[in-house]
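Q: Before anything else, here's the structure in question.
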Amino acid sequence: MNCPACGHQLSAHQMGDITIDVCRGGCGGLWFDNFELKKVDEAFEPADEGLLDVDFDSQVAVDHQARRNCPKCDGIVMMRHHFSVRREIEVDSCPSCAGYFLDRGELAAIREQFASEGARREAARETFDELFGDAMDAESGATDEQVQQARGFARMFRVLLPSFWLKGKQPWGAY
């Protein structure tokens with residue numbers, strides 16, 4: 001399997017019950033199969049020093065803006081998104097196999113973001129409150145009559161949704 005960032009051959013690194021593919025001697029990136037990253041993404045979880053500081057070749061040029069193909073799935077372009085609500089670290093993930101590719105240093109940065117899963121949930125709650133708190137507070141003052149009006153309005157537009165007419169999407173049948 002080749003590295004999606006630099007094309008170098010990935011080598012297997014066994015850590016407990018998971019095998020992580022590492023770009024040693026290339027860009028220093030890491031490939032995690034589905035659910036493997038969840039086992040090492042927090043500081044209290046065990047991670048080999050070899051994963052946090054991968055040997056890399058400083059001469060290898062990596063275009064961090066280029067779209068990358070999944071190393072496991074032929075012809076699938078990975079999606080780039082922020083790893084957490086803090087929006088500090090961008091990772092590449094495959095929409096087909098759910099694997100993750102991390103550039104050199106991103107695993108260490110991810111592990112430093114939150115001390116625990118509770119801290120991660122608290123940050124998500126704070127971000128939600130920051131983004132939607134004012135709107136939610138405004139809606140909490142709505143009267144029962146206003147809520148019923150909004151629900152009626154939403155029901156009127158349900159018939160415009162294609163999924164409303166697809167067989168099996170509603171209790172009364174499609175046609």
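So you can find residues: chains in the structure tokens are A, B, ... in the order shown, residues in each start at 1, and ligands are numbered from 1 in order.
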What residues in chain A get the DSSP label helix (DSSP H, G or I)? Please answer as number ranges by chain.
A: A: 37-39, 49-52, 106-113, 117-140, 144-158, 162-165
Q: Using only C-alpha atoms, determine which residues lie at most 10 Å from segment 65-78 of chain A, disregarding the query and same-chain residues fewer than 2 positions distant; provide the list as a list in words.
A: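 Counting only C-alpha atoms, the residues come to Met1, Asn2, Cys3, Pro4, Ala5, Cys6, Gly7, Leu10, Trp31, Asp33, Val62, Asp63, Arg80, His81, Val91, Asp92, Ser93, Cys94, Pro95, Ser96, Cys97, Ala98, Gly99, Tyr100 and Phe101 of chain A.
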Q: Which is closer to Gln113 of chain A than all the others in A:Phe153, A:Phe56, A:Phe44, A:Phe35, using only C-alpha atoms?
A: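 When distances to Gln113 of chain A are compared using only C-alpha atoms, the smallest one comes from A:Phe44.
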Q: Quick one: pull the distance between atom CA of Ile20 of chain A and atom CA of Glu90 of chain A, Å, one decimal.
A: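 For atom CA of Ile20 of chain A relative to atom CA of Glu90 of chain A, the distance reads 19.0 Å.
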Q: Out of A:Glu145, A:Glu122, A:Glu130, A:Glu112, which residue has the shortest atom-to-atom distance to Val40 of chain A when counting only C-alpha atoms?
A: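 Closest candidate: A:Glu112.
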Q: Can you tell me which residues surround Ala123 of chain A at a distance of at most 9 Å, considering only C-alpha atoms, apart from same-chain residues fewer than 6 positions away, and format the answer as a list in words?
A: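 So, after excluding close chain neighbours, the residues are Val85, Arg86 and Phe114 of chain A.
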